[in-house]
Every structure is written in structure tokens, then in C-alpha cells.
>>> print(open('start_0.csv').read())   # CSV, C-alpha atoms
chain,number,residue,atom,x,y,z
A,50,MET,CA,0.0,0.0,0.0
A,51,ALA,CA,3.0,2.3,-0.1
A,52,ASP,CA,2.2,5.5,-1.8
A,53,GLN,CA,4.4,8.4,-2.5
A,54,ALA,CA,4.2,10.6,0.6
A,55,PRO,CA,2.3,13.9,0.1
A,56,ASN,CA,3.8,17.2,1.2
A,57,ARG,CA,1.4,17.5,4.1
A,58,PHE,CA,-0.9,15.1,6.0
A,59,ASP,CA,-4.2,15.9,7.6
A,60,VAL,CA,-3.5,13.4,10.5
A,61,PHE,CA,-0.5,11.4,11.7
A,62,LEU,CA,-1.5,8.2,13.5
A,63,SER,CA,0.7,7.4,16.5
A,64,TYR,CA,0.2,3.9,17.9
A,65,HIS,CA,1.8,0.9,19.6
A,66,TRP,CA,2.8,-1.8,17.1
A,67,ARG,CA,0.5,-4.3,18.9
A,68,ASP,CA,-2.5,-2.2,17.8
A,69,HIS,CA,-1.5,-2.0,14.2
A,70,ALA,CA,-4.5,-4.0,12.8
A,71,GLN,CA,-7.1,-1.7,14.6
A,72,VAL,CA,-5.2,1.4,13.6
A,73,GLU,CA,-5.0,0.4,10.0
A,74,VAL,CA,-8.8,0.0,10.0
A,75,LEU,CA,-9.1,3.5,11.4
A,76,ALA,CA,-6.6,4.8,8.8
A,77,ARG,CA,-8.7,3.3,6.0
A,78,ARG,CA,-11.9,4.8,7.3
A,79,LEU,CA,-10.3,8.2,7.6
A,80,ARG,CA,-9.1,7.9,4.0
A,81,GLU,CA,-12.6,7.1,2.9
A,82,GLU,CA,-13.6,10.5,4.4
A,83,LYS,CA,-11.0,12.1,2.1
A,84,LEU,CA,-8.4,12.8,4.8
A,85,ILE,CA,-4.7,12.4,3.9
A,86,VAL,CA,-3.5,10.0,6.6
A,87,PHE,CA,0.0,9.2,7.6
A,88,LEU,CA,0.4,5.6,8.7
A,89,ASP,CA,4.0,4.6,9.0
A,90,ARG,CA,3.4,1.2,7.3
A,91,TRP,CA,2.1,3.0,4.2
A,92,TYR,CA,5.0,5.5,3.7
A,93,LEU,CA,8.2,4.6,5.4
A,94,THR,CA,10.8,3.0,3.2
A,95,PRO,CA,12.2,-0.3,4.4
A,96,GLY,CA,16.0,-0.2,5.1
A,97,GLN,CA,16.0,3.6,5.5
A,98,SER,CA,16.5,5.7,8.6
A,99,TRP,CA,13.0,6.4,9.8
A,100,PRO,CA,13.3,8.5,13.1
A,101,LYS,CA,14.3,11.7,11.2
A,102,GLU,CA,11.5,11.0,8.6
A,103,LEU,CA,8.9,10.7,11.3
A,104,GLU,CA,10.1,13.9,12.9
A,105,THR,CA,9.8,15.7,9.5
A,106,ILE,CA,6.3,14.3,8.9
A,107,LEU,CA,5.2,15.2,12.4
A,108,ALA,CA,6.3,18.8,11.7
A,109,ARG,CA,4.2,18.9,8.5
A,110,CYS,CA,0.9,17.3,9.6
A,111,ARG,CA,-2.2,19.2,10.6
A,112,ALA,CA,-3.1,16.9,13.6
A,113,VAL,CA,-1.9,13.9,15.5
A,114,ALA,CA,-4.1,11.1,16.7
A,115,VAL,CA,-2.6,9.2,19.5
A,116,CYS,CA,-4.2,5.7,19.4
A,117,ILE,CA,-4.2,4.2,22.8
A,118,GLY,CA,-4.8,0.4,23.2
A,119,GLN,CA,-4.6,-1.9,26.1
A,120,GLY,CA,-1.4,-1.6,28.1
A,121,GLU,CA,1.2,1.1,28.0
A,122,MET,CA,2.4,3.1,25.1
A,123,GLY,CA,5.6,2.0,23.4
A,124,PRO,CA,8.8,4.1,23.7
A,125,TRP,CA,8.5,5.5,20.1
A,126,GLN,CA,4.8,6.3,20.6
A,127,GLN,CA,5.6,8.2,23.7
A,128,ARG,CA,8.2,10.2,21.8
A,129,GLU,CA,5.6,11.0,19.1
A,130,GLN,CA,3.1,12.0,21.7
A,131,TYR,CA,5.6,14.4,23.5
A,132,LEU,CA,6.7,16.0,20.2
A,133,ALA,CA,3.0,16.5,19.2
A,134,LEU,CA,2.2,18.1,22.5
A,135,GLU,CA,5.2,20.4,22.3
A,136,ARG,CA,4.0,21.4,18.8
A,137,GLN,CA,0.5,22.0,20.2
A,138,VAL,CA,1.8,24.4,22.9
A,139,ALA,CA,4.0,26.2,20.4
A,140,ALA,CA,1.0,26.7,18.0
A,141,GLU,CA,-1.1,28.0,20.9
A,142,ARG,CA,1.6,30.6,21.7
A,143,GLN,CA,1.4,31.8,18.2
A,144,GLY,CA,-2.4,32.0,18.2
A,145,GLN,CA,-2.7,28.9,16.0
A,146,ARG,CA,-4.3,25.5,16.4
A,147,PHE,CA,-2.7,22.1,16.3
A,148,SER,CA,-4.8,19.2,17.5
A,149,VAL,CA,-3.5,16.2,19.4
A,150,ILE,CA,-6.4,13.8,19.7
A,151,PRO,CA,-6.4,10.8,22.0
A,152,VAL,CA,-8.2,7.9,20.4
A,153,LEU,CA,-9.2,5.1,22.7
A,154,LEU,CA,-9.1,1.7,21.1
A,155,PRO,CA,-11.2,-1.2,22.5
A,156,GLY,CA,-10.2,-2.1,26.1
A,157,ALA,CA,-8.0,1.1,26.5
A,158,GLU,CA,-7.9,3.1,29.7
A,159,PRO,CA,-8.2,6.8,29.5
A,160,PRO,CA,-4.9,8.6,28.9
A,161,LEU,CA,-2.9,9.9,31.8
A,162,GLY,CA,-0.6,12.9,32.0
A,163,PHE,CA,-0.7,15.8,29.6
A,164,LEU,CA,-2.6,13.9,27.0
A,165,SER,CA,-5.5,13.6,29.4
A,166,GLN,CA,-6.0,17.4,29.0
A,167,ASN,CA,-7.1,16.9,25.3
A,168,THR,CA,-10.5,15.6,24.3
>>> encode(input="start_0.csv", output="C-alpha cells")
Amino acid sequence: MADQAPNRFDVFLSYHWRDHAQVEVLARRLREEKLIVFLDRWYLTPGQSWPKELETILARCRAVAVCIGQGEMGPWQQREQYLALERQVAAERQGQRFSVIPVLLPGAEPPLGFLSQNT
């Protein structure tokens, strides 16, 4: 399903690898609604350095959906969440909007910490 990455994404999906099947269903539904969705499995090139690419994409997306499943977030998902929340604060300081949306997958507990401040 790898497509050429667009210049800008409507939403970046952050998730733990164990939730990939549920998150891919969500990604497909969002695409059906004509949103440009970043799902790492669709765009990252195997064998290439991906942390820098994720950082670049997070800087260009309009929103981040942090998909929370059962159990704790993985270390990379936590980094994505923190980077998104930092960007949200910076946008607010400039009078702009940047959404960080917690998405509760089946069986998930509500988010804790700073993410719990977002609806």
C-alpha cells in the first residue's frame, strides 16, 4: 500500500505496534472520508533511517491522533506524543491551532498525564 508521501498530511496516526491492525482499519476509514492519513506502514521506506523522517512528517501534519490500546504506550509512541504536545503548545503561543487527539481503542484506559487534557 506504499504511496508516494504527500507534502502535508491531515492526520498522523501514532500507535503501539501491537495495535496496528485496529489502527489500519481506522486509517482506511479516515481515507474514505478524504483525509490524507500518515500511517508509517504505508509510507516509510524499508531499510532507510525512519526517526528523522517521522520527525519531519510530524512537523508537517495538521493533527496527531494518539491511538491508545490496552497496556502502556511503546517508547516511540511516547516520543511522538511528546513531540506532538510540544508542537501544540507552540502553536497556541502563536495563536494557531494544532490538534492532538487521544483515540481510545477497545479495552483502553483513558490517557494519563498531559494527553488527558485533550478531548
>>> atom_distance(input="start_0.csv", atom1="atom CA of Val86 of chain A", atom2="atom CA of Ser98 of chain A")
20.6 Å
>>> closest_residue(input="start_0.csv", among="A:Glu81, A:Cys110, A:Glu129, A:Pro124", to="Ser148 of chain A", atoms="only C-alpha atoms")
A:Cys110
>>> closest_residue(input="start_0.csv", among="A:Ala108, A:Ala157, A:Gln71, A:Val60", to="Met122 of chain A", atoms="only C-alpha atoms")
A:Ala157
>>> atom_distance(input="start_0.csv", atom1="atom CA of Lys83 of chain A", atom2="atom CA of Asp59 of chain A")
9.5 Å
>>> atom_distance(input="start_0.csv", atom1="atom CA of Phe87 of chain A", atom2="atom CA of Phe58 of chain A")
6.2 Å
>>> build_atoms(input="start_0.csv", residues="segment 132-146 of chain A", atoms="N, CA and C atoms", output="PDB file, in the frame of the given file")
ATOM      1  N   LEU A 132       6.366  15.020  21.251  1.00  0.00           N
ATOM      2  CA  LEU A 132       6.700  16.000  20.200  1.00  0.00           C
ATOM      3  C   LEU A 132       5.382  16.659  19.708  1.00  0.00           C
ATOM      4  N   ALA A 133       4.295  15.900  19.601  1.00  0.00           N
ATOM      5  CA  ALA A 133       3.000  16.500  19.200  1.00  0.00           C
ATOM      6  C   ALA A 133       2.510  17.482  20.223  1.00  0.00           C
ATOM      7  N   LEU A 134       2.616  17.136  21.500  1.00  0.00           N
ATOM      8  CA  LEU A 134       2.200  18.100  22.500  1.00  0.00           C
ATOM      9  C   LEU A 134       3.014  19.323  22.585  1.00  0.00           C
ATOM     10  N   GLU A 135       4.317  19.190  22.358  1.00  0.00           N
ATOM     11  CA  GLU A 135       5.200  20.400  22.300  1.00  0.00           C
ATOM     12  C   GLU A 135       4.758  21.266  21.120  1.00  0.00           C
ATOM     13  N   ARG A 136       4.452  20.649  19.999  1.00  0.00           N
ATOM     14  CA  ARG A 136       4.000  21.400  18.800  1.00  0.00           C
ATOM     15  C   ARG A 136       2.670  22.117  19.122  1.00  0.00           C
ATOM     16  N   GLN A 137       1.797  21.450  19.846  1.00  0.00           N
ATOM     17  CA  GLN A 137       0.500  22.000  20.200  1.00  0.00           C
ATOM     18  C   GLN A 137       0.684  23.294  21.052  1.00  0.00           C
ATOM     19  N   VAL A 138       1.567  23.212  22.028  1.00  0.00           N
ATOM     20  CA  VAL A 138       1.800  24.400  22.900  1.00  0.00           C
ATOM     21  C   VAL A 138       2.434  25.509  22.079  1.00  0.00           C
ATOM     22  N   ALA A 139       3.377  25.208  21.214  1.00  0.00           N
ATOM     23  CA  ALA A 139       4.000  26.200  20.400  1.00  0.00           C
ATOM     24  C   ALA A 139       2.960  26.897  19.467  1.00  0.00           C
ATOM     25  N   ALA A 140       2.052  26.106  18.913  1.00  0.00           N
ATOM     26  CA  ALA A 140       1.000  26.700  18.000  1.00  0.00           C
ATOM     27  C   ALA A 140       0.099  27.599  18.833  1.00  0.00           C
ATOM     28  N   GLU A 141      -0.271  27.198  20.045  1.00  0.00           N
ATOM     29  CA  GLU A 141      -1.100  28.000  20.900  1.00  0.00           C
ATOM     30  C   GLU A 141      -0.466  29.361  21.212  1.00  0.00           C
ATOM     31  N   ARG A 142       0.824  29.343  21.458  1.00  0.00           N
ATOM     32  CA  ARG A 142       1.600  30.600  21.700  1.00  0.00           C
ATOM     33  C   ARG A 142       1.514  31.553  20.577  1.00  0.00           C
ATOM     34  N   GLN A 143       1.397  31.000  19.372  1.00  0.00           N
ATOM     35  CA  GLN A 143       1.400  31.800  18.200  1.00  0.00           C
ATOM     36  C   GLN A 143      -0.080  32.106  17.723  1.00  0.00           C
ATOM     37  N   GLY A 144      -1.053  31.748  18.558  1.00  0.00           N
ATOM     38  CA  GLY A 144      -2.400  32.000  18.200  1.00  0.00           C
ATOM     39  C   GLY A 144      -2.975  31.039  17.139  1.00  0.00           C
ATOM     40  N   GLN A 145      -2.318  29.899  16.973  1.00  0.00           N
ATOM     41  CA  GLN A 145      -2.700  28.900  16.000  1.00  0.00           C
ATOM     42  C   GLN A 145      -3.263  27.668  16.661  1.00  0.00           C
ATOM     43  N   ARG A 146      -3.798  26.768  15.850  1.00  0.00           N
ATOM     44  CA  ARG A 146      -4.300  25.500  16.400  1.00  0.00           C
ATOM     45  C   ARG A 146      -3.560  24.327  15.827  1.00  0.00           C
TER      46      ARG A 146
END
